[in-house]
Amino acid sequence: MTFDEALNHFRTGRAIGDALRVSGSRVSQCRAAGGFSYPMQCVLEKESDGALIAKRDDDPAQPMKQSA
């Protein structure tokens, strides 16, 4: 899931932080990094009752796949 998908579901960065049990500044760090790690996405998927889907490809630490 992208940061914007999580923000759209939870409505605020504070609500995302509450779901992840992290500070607002950590949520801001995730936004600046380009999204959430896969384990964080898994927590958000569970906390959203499956409305959000964790995707390894959306983990900013994953190397870019080469195509063609």
# chains A, B, ... in the order shown; residues from 1 in each chain; ligands from 1
call {"tool": "closest_atom_pairs", "arguments": {"of": "range 9-31 of chain A", "to": "range 45-52 of chain A", "cutoff": "10 Å", "atoms": "only C-alpha atoms", "output": "JSON lines"}}
result
{"residue": "A:His9", "atom": "CA", "partner": "A:Leu52", "partner_atom": "CA", "distance": 7.8}
{"residue": "A:Phe10", "atom": "CA", "partner": "A:Ser48", "partner_atom": "CA", "distance": 8.2}
{"residue": "A:Ile16", "atom": "CA", "partner": "A:Glu47", "partner_atom": "CA", "distance": 9.5}
{"residue": "A:Asp18", "atom": "CA", "partner": "A:Glu47", "partner_atom": "CA", "distance": 9.9}
{"residue": "A:Ala19", "atom": "CA", "partner": "A:Glu47", "partner_atom": "CA", "distance": 6.3}
{"residue": "A:Leu20", "atom": "CA", "partner": "A:Glu47", "partner_atom": "CA", "distance": 8.3}
call {"tool": "write_last_selection", "arguments": {"atoms": "C-alpha atoms", "output": "mmCIF file, in the first residue's frame"}}
result
data_model
loop_
_atom_site.group_PDB
_atom_site.id
_atom_site.type_symbol
_atom_site.label_atom_id
_atom_site.label_comp_id
_atom_site.auth_asym_id
_atom_site.auth_seq_id
_atom_site.Cartn_x
_atom_site.Cartn_y
_atom_site.Cartn_z
ATOM 1 C CA HIS A 9 -8.233 5.132 4.892
ATOM 2 C CA PHE A 10 -7.117 6.361 8.320
ATOM 3 C CA ILE A 16 -1.861 5.918 11.221
ATOM 4 C CA ASP A 18 -2.003 5.067 16.570
ATOM 5 C CA ALA A 19 -2.621 1.996 14.401
ATOM 6 C CA LEU A 20 1.114 1.330 14.131
#
call {"tool": "residues_around", "arguments": {"residues": "Ala61 in chain A", "least_positions_apart": "4", "cutoff": "10 Å", "atoms": "only C-alpha atoms", "output": "ChimeraX atom specification"}}
result
/A:33-38,56-57
call {"tool": "write_last_selection", "arguments": {"atoms": "C-alpha atoms", "output": "tab-separated table (two decimals), in the first residue's frame"}}
result
chain	number	residue	atom	x	y	z
A	33	ALA	CA	11.07	7.82	2.79
A	34	GLY	CA	8.38	7.06	0.22
A	35	GLY	CA	6.08	4.79	2.19
A	36	PHE	CA	5.90	2.07	4.80
A	37	SER	CA	8.09	-0.98	5.22
A	38	TYR	CA	6.41	-4.26	4.40
A	56	ARG	CA	6.17	-5.81	-1.06
A	57	ASP	CA	6.52	-3.71	-4.20
call {"tool": "closest_residue", "arguments": {"among": "A:Val27, A:Ala54, A:Val43, A:Pro60", "to": "Arg14 in chain A", "atoms": "only C-alpha atoms"}}
result
A:Val27
call {"tool": "atom_distance", "arguments": {"atom1": "CA of Leu44 in chain A", "atom2": "CA of Met1 in chain A"}}
result
9.1 Å
call {"tool": "select_by_dssp", "arguments": {"residues": "range 18-54 of chain A", "states": "helix (DSSP H, G or I)", "output": "MDAnalysis selection string"}}
result
chainID A and resid 18:20 24:33 38:47
